Amino acid sequence: MGFTTSANKREGTPVKANDLQLLQCFSILKIKLQLWAILLLMALSQSEAFDPLDPFGNITIKWDVVSWTADGYVASVIMNNYQMYRHINTPGWTLGWNWAKKEVIWSIVGAQATEQGDCSKFKGNVPHCCKKNPIIVDLLPGVPYNQQYANCCKGGVVASWGQDPSAAVSAFQVSVGVAGTSNKTLKLPKDFVLMGPGPGYTCGPAEVVPSTVFFTPDHRRKTQALMTWTVTCTYSQILSSKYPSCCVSFSSFYNETMTPCPSCACGCHNKRDCIMSDSKRLNTLGINTPKKDNTPLLQCTHHMCPIRVHWHVKINYRDYWRVKIAVTNFNYRMNYTQWTLVAQHPNLSNVTQVFSFDYKPLVPYQAINDTAMFYGMKFYNDLLMEAGPLGNVQSEVLLRKDKTTFTLKQGWGFPRKIYFNGDECKLPPPDSYPFLPNSAHEIPSFYSTMVAIILSLLINIMM
């Protein structure tokens, strides 16, 4: 018995039950494919700011309203860097937003707005900033005491959480006018933009959260903010730059060949303005002064990267092996304060000693311990100088062998990933890694057995 659809009734062509079921299956499959496509697009859009080695890393900006004023409020703004190995380097952070109404900033302590804007309608007291979209920067060290606020005035430099939690914070206090004077009338700022110091961060909307609780110095009394909201910003290297900012080269004690950084690993767009290491221009006064737009002045190299990380497999012991790590700066206009280096290698779970760097294991997933963070020792080598004779830092690392995770064969002595200051570096292609000299010329066991048999027969005949 056949079934007839409304379209086929006019033509009188019956549709079999099997055909109808097939059509239904195709319709269901089409819907599922559309749903999977939507989910895939959502996952890709969210993965841009996802770091698998620091899955919970972000910068959280918290606003605590501490008092109401006649026409607004006073808020404490605290920026916490919860990223394990990505800090904010000089020239520091820049924070901007849009006001929801016609708010102004009457005063600010511990920071300043870069522009005042048009405050001509105010008589007498003139606000600090009247712009609809103010841009705030940190104050420099050494400002007068009456302009300082707790955790301010570091030039916008903020350490990473894994390196120094006490320095992974920046704060200022702002007095806002022409605004709401209660929890019901206050409108949250919107469209937050964080530069740290360049692009790369994406900030979500402000969200009201439970009010922050404060303790008095003697911890016998606690108070709370009148209102609290937070803004979360995440980092994406894709948004930060079109090209990598560092590259990796390899060498080993068992192979004379050095594997260099790939050519134009960081793009060759700066090659026209690069400078040779022996150029007389290096004697020019102010050659190392940074530009306002942070334009680099790179040493002419085949890779054209500001930073090169070199990984050298130095010595192979019976139960241990030793690696030398060297970081070289090729930018004549940049020195790196509080730099960080992250390496991923299966044998980093057995680090025995690090000689000239500070070291911390990174274990974002408790079952896997293959990632290590290295950074400079305070007041010794935590400052990587600009390009030149002093523009490098290095250390050796001693690791205990684990036969299940380590072998010198097939390039396993080299890392899977390298990050410098939170950005992933460009590695050479795997087929160019320094391999063991006999790795490509090993005699198969079958042929070695046949040679042994023939030799023994020859010996017997001669005897």
# chains A, B, ... in the order shown; residues from 1 in each chain; ligands from 1
$ residues_around --residues "range 81-85 of chain A" --least-positions-apart "5" --cutoff "6 Å" --atoms "only C-alpha atoms" --output "list in words"
Gly57, Asn58, Ile59, Ser160, Trp161, Gly162, Ala168 and Gly422 of chain A
$ select_by_dssp --residues "range 149-375 of chain A" --states "strand (DSSP E)" --output "PyMOL selection string"
chain A and resi 169-177+190-195+201-203+207-209+213-215+222-224+227-235+246-252+255-259+307-316+320-329+336-337+340-344+351-354+357-362+371-375
$ residues_around --residues "Ala265 in chain A" --least-positions-apart "2" --cutoff "10 Å" --atoms "only C-alpha atoms" --output "number ranges by chain"
A: 243-248, 261-263, 267-268, 302-305, 425-428
$ write_last_selection --atoms "all heavy atoms" --output "compact mmCIF listing (two decimals), in the first residue's frame"
# COMPACT_ATOMS: atom_id res chain seq x y z
N TYR A 243 51.41 38.02 13.13
CA TYR A 243 52.59 37.15 13.09
C TYR A 243 53.02 36.77 14.51
O TYR A 243 52.71 37.48 15.47
CB TYR A 243 53.75 37.88 12.39
CG TYR A 243 53.43 38.35 10.99
CD1 TYR A 243 53.11 39.68 10.74
CD2 TYR A 243 53.47 37.47 9.92
CE1 TYR A 243 52.83 40.12 9.46
CE2 TYR A 243 53.19 37.90 8.63
CZ TYR A 243 52.87 39.23 8.40
OH TYR A 243 52.59 39.66 7.14
N PRO A 244 53.77 35.68 14.65
CA PRO A 244 54.35 35.36 15.97
C PRO A 244 55.34 36.44 16.39
O PRO A 244 55.83 37.22 15.56
CB PRO A 244 55.07 34.03 15.71
CG PRO A 244 54.45 33.47 14.47
CD PRO A 244 54.05 34.64 13.64
N SER A 245 55.64 36.48 17.67
CA SER A 245 56.58 37.48 18.19
C SER A 245 57.89 36.85 18.63
O SER A 245 58.75 37.54 19.18
CB SER A 245 55.95 38.23 19.37
OG SER A 245 55.57 37.33 20.39
N CYS A 246 58.04 35.55 18.40
CA CYS A 246 59.27 34.87 18.82
C CYS A 246 59.42 33.59 18.00
O CYS A 246 58.45 33.09 17.41
CB CYS A 246 59.26 34.55 20.32
SG CYS A 246 57.78 33.67 20.88
N CYS A 247 60.63 33.06 17.98
CA CYS A 247 60.89 31.81 17.28
C CYS A 247 61.85 30.96 18.09
O CYS A 247 62.45 31.43 19.06
CB CYS A 247 61.44 32.06 15.88
SG CYS A 247 63.08 32.81 15.86
N VAL A 248 62.00 29.69 17.70
CA VAL A 248 62.80 28.72 18.46
C VAL A 248 63.81 28.07 17.53
O VAL A 248 63.49 27.72 16.38
CB VAL A 248 61.90 27.64 19.09
CG1 VAL A 248 62.72 26.69 19.95
CG2 VAL A 248 60.79 28.28 19.92
N CYS A 261 65.87 29.09 13.45
CA CYS A 261 64.48 29.52 13.33
C CYS A 261 64.06 29.50 11.86
O CYS A 261 64.89 29.72 10.97
CB CYS A 261 64.32 30.94 13.87
SG CYS A 261 64.44 31.12 15.66
N PRO A 262 62.81 29.24 11.58
CA PRO A 262 62.35 29.30 10.18
C PRO A 262 62.54 30.70 9.60
O PRO A 262 62.47 31.71 10.32
CB PRO A 262 60.86 28.94 10.28
CG PRO A 262 60.72 28.21 11.58
CD PRO A 262 61.74 28.80 12.49
N SER A 263 62.79 30.79 8.31
CA SER A 263 62.95 32.09 7.65
C SER A 263 61.64 32.88 7.75
O SER A 263 60.56 32.33 7.55
CB SER A 263 63.35 31.90 6.19
OG SER A 263 64.61 31.27 6.10
N GLY A 267 57.35 37.10 10.19
CA GLY A 267 57.02 37.99 9.09
C GLY A 267 58.22 38.85 8.71
O GLY A 267 59.08 39.14 9.55
N CYS A 268 58.29 39.26 7.47
CA CYS A 268 59.41 40.08 7.01
C CYS A 268 58.99 41.52 6.75
O CYS A 268 59.64 42.24 5.99
CB CYS A 268 60.01 39.47 5.75
SG CYS A 268 61.09 38.05 6.11
N HIS A 302 67.59 36.39 9.51
CA HIS A 302 66.77 35.68 8.53
C HIS A 302 65.38 35.41 9.06
O HIS A 302 64.43 35.23 8.28
CB HIS A 302 67.44 34.36 8.13
CG HIS A 302 67.37 33.30 9.17
ND1 HIS A 302 68.19 33.28 10.28
CD2 HIS A 302 66.54 32.22 9.31
CE1 HIS A 302 67.89 32.25 11.03
NE2 HIS A 302 66.89 31.59 10.48
N HIS A 303 65.22 35.37 10.40
CA HIS A 303 63.89 35.08 10.98
C HIS A 303 63.10 36.34 11.29
O HIS A 303 61.88 36.30 11.36
CB HIS A 303 64.04 34.23 12.24
CG HIS A 303 64.97 34.80 13.27
ND1 HIS A 303 64.66 35.88 14.06
CD2 HIS A 303 66.23 34.43 13.63
CE1 HIS A 303 65.67 36.15 14.88
NE2 HIS A 303 66.65 35.29 14.64
N MET A 304 63.77 37.46 11.50
CA MET A 304 63.15 38.76 11.77
C MET A 304 62.19 38.71 12.95
O MET A 304 61.09 39.27 12.91
CB MET A 304 62.44 39.28 10.51
CG MET A 304 63.38 39.70 9.39
SD MET A 304 64.62 40.91 9.92
CE MET A 304 63.61 42.30 10.34
N CYS A 305 62.61 38.06 14.01
CA CYS A 305 61.82 37.99 15.24
C CYS A 305 62.46 38.86 16.32
O CYS A 305 63.69 38.94 16.42
CB CYS A 305 61.74 36.56 15.77
SG CYS A 305 60.68 35.48 14.77
N CYS A 425 55.66 30.67 20.36
CA CYS A 425 56.76 30.92 19.43
C CYS A 425 56.69 29.95 18.25
O CYS A 425 56.17 28.84 18.37
CB CYS A 425 58.11 30.78 20.14
SG CYS A 425 58.32 31.88 21.56
N LYS A 426 57.26 30.38 17.15
CA LYS A 426 57.29 29.57 15.93
C LYS A 426 58.42 28.55 16.03
O LYS A 426 59.58 28.91 16.19
CB LYS A 426 57.51 30.47 14.72
CG LYS A 426 57.53 29.76 13.39
CD LYS A 426 56.15 29.31 12.98
CE LYS A 426 56.15 28.76 11.56
NZ LYS A 426 54.81 28.34 11.12
N LEU A 427 58.09 27.25 15.94
CA LEU A 427 59.07 26.18 16.00
C LEU A 427 59.50 25.77 14.60
O LEU A 427 58.75 25.95 13.64
CB LEU A 427 58.50 24.97 16.73
CG LEU A 427 58.69 24.88 18.24
CD1 LEU A 427 57.86 25.95 18.95
CD2 LEU A 427 58.29 23.51 18.75
N PRO A 428 60.72 25.20 14.46
CA PRO A 428 61.13 24.68 13.16
C PRO A 428 60.27 23.48 12.77
O PRO A 428 59.65 22.85 13.63
CB PRO A 428 62.59 24.26 13.40
CG PRO A 428 63.00 24.89 14.68
CD PRO A 428 61.76 25.05 15.49
$ closest_residue --among "A:Lys360, A:Glu396, A:Asn331, A:Gly286" --to "His312 in chain A" --atoms "only C-alpha atoms"
A:Glu396
$ closest_atom_pairs --of "range 134-245 of chain A" --to "range 104-122 of chain A" --cutoff "9 Å" --atoms "only C-alpha atoms" --output "CSV"
residue,atom,partner,partner_atom,distance
A:Pro134,CA,A:Ala113,CA,6.4
A:Ile135,CA,A:Ala113,CA,5.4
A:Ile136,CA,A:Ala113,CA,4.4
A:Val137,CA,A:Gln112,CA,5.7
A:Asp138,CA,A:Ala111,CA,4.5
A:Leu139,CA,A:Ala111,CA,5.0
A:Leu140,CA,A:Ala111,CA,8.8
A:Asn146,CA,A:Val109,CA,8.2
A:Gln147,CA,A:Val109,CA,5.4
A:Gln148,CA,A:Gly110,CA,4.7
A:Tyr149,CA,A:Gly110,CA,4.8
A:Ala150,CA,A:Gly110,CA,7.8
A:Asn151,CA,A:Gly110,CA,8.3
A:Cys152,CA,A:Gly110,CA,5.3
A:Cys153,CA,A:Gly110,CA,6.1
A:Ala171,CA,A:Gly110,CA,7.0
A:Phe172,CA,A:Gly110,CA,4.6
A:Gln173,CA,A:Val109,CA,5.1
A:Val174,CA,A:Ile108,CA,4.4
A:Ser175,CA,A:Ser107,CA,5.3
A:Val176,CA,A:Ile105,CA,4.7
A:Gly177,CA,A:Val104,CA,5.2
A:Val178,CA,A:Val104,CA,6.3
A:Ala179,CA,A:Val104,CA,7.9
$ select_by_dssp --residues "range 231-315 of chain A" --states "alpha helix (DSSP H)" --output "PyMOL selection string"
chain A and resi 237-240
$ closest_residue --among "A:Lys378, A:Arg333, A:Arg220, A:Lys62" --to "Ser170 in chain A" --atoms "only C-alpha atoms"
A:Lys62
$ atom_distance --atom1 "CA of Phe50 in chain A" --atom2 "CA of Cys266 in chain A"
21.8 Å
$ residues_around --residues "Thr223 in chain A" --least-positions-apart "4" --cutoff "9 Å" --atoms "only C-alpha atoms" --output "PyMOL selection string"
chain A and resi 212-216
$ atom_distance --atom1 "CA of Thr284 in chain A" --atom2 "CA of Asn392 in chain A"
21.8 Å
$ closest_residue --among "A:Leu348, A:Val354, A:Cys264, A:Leu398" --to "Tyr320 in chain A" --atoms "only C-alpha atoms"
A:Leu398
$ closest_residue --among "A:Asn347, A:Ser252, A:Gln338, A:Ser432" --to "Asn381 in chain A" --atoms "only C-alpha atoms"
A:Gln338
$ atom_distance --atom1 "CA of Val313 in chain A" --atom2 "CA of Thr257 in chain A"
12.4 Å
$ residues_around --residues "Val231 in chain A" --least-positions-apart "3" --cutoff "7 Å" --atoms "only C-alpha atoms" --output "PDB file with C-alpha atoms, in the first residue's frame"
ATOM      1  CA  THR A  60      39.249  40.642  36.097  1.00  0.00           C
ATOM      2  CA  ILE A  61      38.409  44.302  36.706  1.00  0.00           C
ATOM      3  CA  LYS A  62      36.309  44.851  39.829  1.00  0.00           C
ATOM      4  CA  CYS A 203      36.314  42.262  27.535  1.00  0.00           C
ATOM      5  CA  GLY A 204      32.839  41.056  28.357  1.00  0.00           C
ATOM      6  CA  PRO A 205      30.003  43.193  29.716  1.00  0.00           C
ATOM      7  CA  ALA A 206      29.939  44.465  33.290  1.00  0.00           C
ATOM      8  CA  GLU A 207      28.055  42.113  35.615  1.00  0.00           C
TER       9      GLU A 207
END
$ residues_around --residues "Ala326 in chain A" --least-positions-apart "3" --cutoff "8 Å" --atoms "only C-alpha atoms" --output "number ranges by chain"
A: 309-311, 392-395
$ write_last_selection --atoms "N, CA and C atoms" --output "short mmCIF file (atom, residue, chain, number, x, y, z; two decimals), in the first residue's frame"
data_model
loop_
_atom_site.label_atom_id
_atom_site.label_comp_id
_atom_site.auth_asym_id
_atom_site.auth_seq_id
_atom_site.Cartn_x
_atom_site.Cartn_y
_atom_site.Cartn_z
N VAL A 309 64.40 31.96 21.11
CA VAL A 309 64.66 31.03 22.21
C VAL A 309 65.45 29.85 21.63
N HIS A 310 66.62 29.60 22.20
CA HIS A 310 67.44 28.49 21.71
C HIS A 310 67.47 27.37 22.76
N TRP A 311 67.16 26.17 22.33
CA TRP A 311 67.11 24.98 23.18
C TRP A 311 68.24 24.05 22.75
N ASN A 392 70.65 39.16 26.36
CA ASN A 392 70.31 37.73 26.43
C ASN A 392 70.35 37.26 27.87
N VAL A 393 69.58 36.23 28.15
CA VAL A 393 69.58 35.53 29.44
C VAL A 393 69.63 34.04 29.15
N GLN A 394 70.26 33.28 30.05
CA GLN A 394 70.39 31.84 29.80
C GLN A 394 70.51 31.07 31.11
N SER A 395 70.15 29.81 31.02
CA SER A 395 70.22 28.93 32.17
C SER A 395 70.30 27.49 31.69
#
$ decode --residues "range 236-248 of chain A" --atoms "all heavy atoms" --output "PDB file, in the first residue's frame"
ATOM      1  N   SER A 236      43.759  36.803  23.310  1.00  0.00           N
ATOM      2  CA  SER A 236      43.881  35.964  22.121  1.00  0.00           C
ATOM      3  C   SER A 236      45.091  36.435  21.320  1.00  0.00           C
ATOM      4  O   SER A 236      45.169  37.611  20.945  1.00  0.00           O
ATOM      5  CB  SER A 236      42.621  36.044  21.261  1.00  0.00           C
ATOM      6  OG  SER A 236      42.837  35.436  19.995  1.00  0.00           O
ATOM      7  N   GLN A 237      46.029  35.522  21.063  1.00  0.00           N
ATOM      8  CA  GLN A 237      47.218  35.883  20.289  1.00  0.00           C
ATOM      9  C   GLN A 237      46.849  36.253  18.858  1.00  0.00           C
ATOM     10  O   GLN A 237      47.521  37.068  18.226  1.00  0.00           O
ATOM     11  CB  GLN A 237      48.226  34.732  20.304  1.00  0.00           C
ATOM     12  CG  GLN A 237      49.560  35.064  19.661  1.00  0.00           C
ATOM     13  CD  GLN A 237      50.597  33.967  19.840  1.00  0.00           C
ATOM     14  OE1 GLN A 237      50.414  33.055  20.630  1.00  0.00           O
ATOM     15  NE2 GLN A 237      51.693  34.067  19.106  1.00  0.00           N
ATOM     16  N   ILE A 238      45.786  35.669  18.339  1.00  0.00           N
ATOM     17  CA  ILE A 238      45.339  35.977  16.977  1.00  0.00           C
ATOM     18  C   ILE A 238      44.941  37.442  16.872  1.00  0.00           C
ATOM     19  O   ILE A 238      45.237  38.118  15.876  1.00  0.00           O
ATOM     20  CB  ILE A 238      44.158  35.067  16.583  1.00  0.00           C
ATOM     21  CG1 ILE A 238      44.590  33.602  16.595  1.00  0.00           C
ATOM     22  CG2 ILE A 238      43.613  35.444  15.209  1.00  0.00           C
ATOM     23  CD1 ILE A 238      43.467  32.633  16.362  1.00  0.00           C
ATOM     24  N   LEU A 239      44.265  37.965  17.902  1.00  0.00           N
ATOM     25  CA  LEU A 239      43.870  39.374  17.895  1.00  0.00           C
ATOM     26  C   LEU A 239      45.053  40.293  18.159  1.00  0.00           C
ATOM     27  O   LEU A 239      45.052  41.455  17.754  1.00  0.00           O
ATOM     28  CB  LEU A 239      42.790  39.615  18.957  1.00  0.00           C
ATOM     29  CG  LEU A 239      41.467  38.858  18.788  1.00  0.00           C
ATOM     30  CD1 LEU A 239      40.539  39.160  19.950  1.00  0.00           C
ATOM     31  CD2 LEU A 239      40.800  39.239  17.475  1.00  0.00           C
ATOM     32  N   SER A 240      46.058  39.776  18.860  1.00  0.00           N
ATOM     33  CA  SER A 240      47.205  40.591  19.226  1.00  0.00           C
ATOM     34  C   SER A 240      48.076  40.929  18.030  1.00  0.00           C
ATOM     35  O   SER A 240      48.497  42.073  17.849  1.00  0.00           O
ATOM     36  CB  SER A 240      48.043  39.869  20.286  1.00  0.00           C
ATOM     37  OG  SER A 240      49.222  40.589  20.579  1.00  0.00           O
ATOM     38  N   SER A 241      48.368  39.938  17.202  1.00  0.00           N
ATOM     39  CA  SER A 241      49.274  40.166  16.081  1.00  0.00           C
ATOM     40  C   SER A 241      49.022  39.141  14.987  1.00  0.00           C
ATOM     41  O   SER A 241      48.652  37.999  15.261  1.00  0.00           O
ATOM     42  CB  SER A 241      50.734  40.078  16.545  1.00  0.00           C
ATOM     43  OG  SER A 241      51.631  40.202  15.463  1.00  0.00           O
ATOM     44  N   LYS A 242      49.271  39.562  13.756  1.00  0.00           N
ATOM     45  CA  LYS A 242      49.122  38.669  12.614  1.00  0.00           C
ATOM     46  C   LYS A 242      50.247  37.649  12.576  1.00  0.00           C
ATOM     47  O   LYS A 242      50.080  36.540  12.065  1.00  0.00           O
ATOM     48  CB  LYS A 242      49.109  39.500  11.332  1.00  0.00           C
ATOM     49  CG  LYS A 242      48.919  38.708  10.057  1.00  0.00           C
ATOM     50  CD  LYS A 242      48.913  39.626   8.842  1.00  0.00           C
ATOM     51  CE  LYS A 242      48.762  38.840   7.546  1.00  0.00           C
ATOM     52  NZ  LYS A 242      48.782  39.745   6.359  1.00  0.00           N
ATOM     53  N   TYR A 243      51.410  38.018  13.134  1.00  0.00           N
ATOM     54  CA  TYR A 243      52.593  37.154  13.092  1.00  0.00           C
ATOM     55  C   TYR A 243      53.022  36.771  14.506  1.00  0.00           C
ATOM     56  O   TYR A 243      52.715  37.481  15.468  1.00  0.00           O
ATOM     57  CB  TYR A 243      53.746  37.875  12.393  1.00  0.00           C
ATOM     58  CG  TYR A 243      53.429  38.349  10.986  1.00  0.00           C
ATOM     59  CD1 TYR A 243      53.108  39.677  10.744  1.00  0.00           C
ATOM     60  CD2 TYR A 243      53.472  37.466   9.917  1.00  0.00           C
ATOM     61  CE1 TYR A 243      52.826  40.117   9.461  1.00  0.00           C
ATOM     62  CE2 TYR A 243      53.189  37.898   8.630  1.00  0.00           C
ATOM     63  CZ  TYR A 243      52.866  39.227   8.403  1.00  0.00           C
ATOM     64  OH  TYR A 243      52.586  39.655   7.139  1.00  0.00           O
ATOM     65  N   PRO A 244      53.766  35.682  14.652  1.00  0.00           N
ATOM     66  CA  PRO A 244      54.354  35.361  15.966  1.00  0.00           C
ATOM     67  C   PRO A 244      55.341  36.442  16.389  1.00  0.00           C
ATOM     68  O   PRO A 244      55.828  37.220  15.561  1.00  0.00           O
ATOM     69  CB  PRO A 244      55.068  34.029  15.715  1.00  0.00           C
ATOM     70  CG  PRO A 244      54.454  33.468  14.471  1.00  0.00           C
ATOM     71  CD  PRO A 244      54.048  34.642  13.642  1.00  0.00           C
ATOM     72  N   SER A 245      55.638  36.484  17.666  1.00  0.00           N
ATOM     73  CA  SER A 245      56.578  37.483  18.191  1.00  0.00           C
ATOM     74  C   SER A 245      57.889  36.847  18.633  1.00  0.00           C
ATOM     75  O   SER A 245      58.750  37.536  19.178  1.00  0.00           O
ATOM     76  CB  SER A 245      55.946  38.233  19.365  1.00  0.00           C
ATOM     77  OG  SER A 245      55.565  37.330  20.391  1.00  0.00           O
ATOM     78  N   CYS A 246      58.042  35.546  18.404  1.00  0.00           N
ATOM     79  CA  CYS A 246      59.275  34.868  18.818  1.00  0.00           C
ATOM     80  C   CYS A 246      59.419  33.585  18.005  1.00  0.00           C
ATOM     81  O   CYS A 246      58.451  33.094  17.415  1.00  0.00           O
ATOM     82  CB  CYS A 246      59.257  34.553  20.316  1.00  0.00           C
ATOM     83  SG  CYS A 246      57.781  33.674  20.882  1.00  0.00           S
ATOM     84  N   CYS A 247      60.632  33.055  17.984  1.00  0.00           N
ATOM     85  CA  CYS A 247      60.886  31.807  17.277  1.00  0.00           C
ATOM     86  C   CYS A 247      61.848  30.956  18.091  1.00  0.00           C
ATOM     87  O   CYS A 247      62.449  31.434  19.060  1.00  0.00           O
ATOM     88  CB  CYS A 247      61.438  32.059  15.878  1.00  0.00           C
ATOM     89  SG  CYS A 247      63.082  32.806  15.855  1.00  0.00           S
ATOM     90  N   VAL A 248      61.999  29.688  17.695  1.00  0.00           N
ATOM     91  CA  VAL A 248      62.798  28.724  18.456  1.00  0.00           C
ATOM     92  C   VAL A 248      63.808  28.075  17.526  1.00  0.00           C
ATOM     93  O   VAL A 248      63.487  27.724  16.380  1.00  0.00           O
ATOM     94  CB  VAL A 248      61.896  27.641  19.091  1.00  0.00           C
ATOM     95  CG1 VAL A 248      62.723  26.688  19.954  1.00  0.00           C
ATOM     96  CG2 VAL A 248      60.793  28.285  19.922  1.00  0.00           C
TER      97      VAL A 248
END
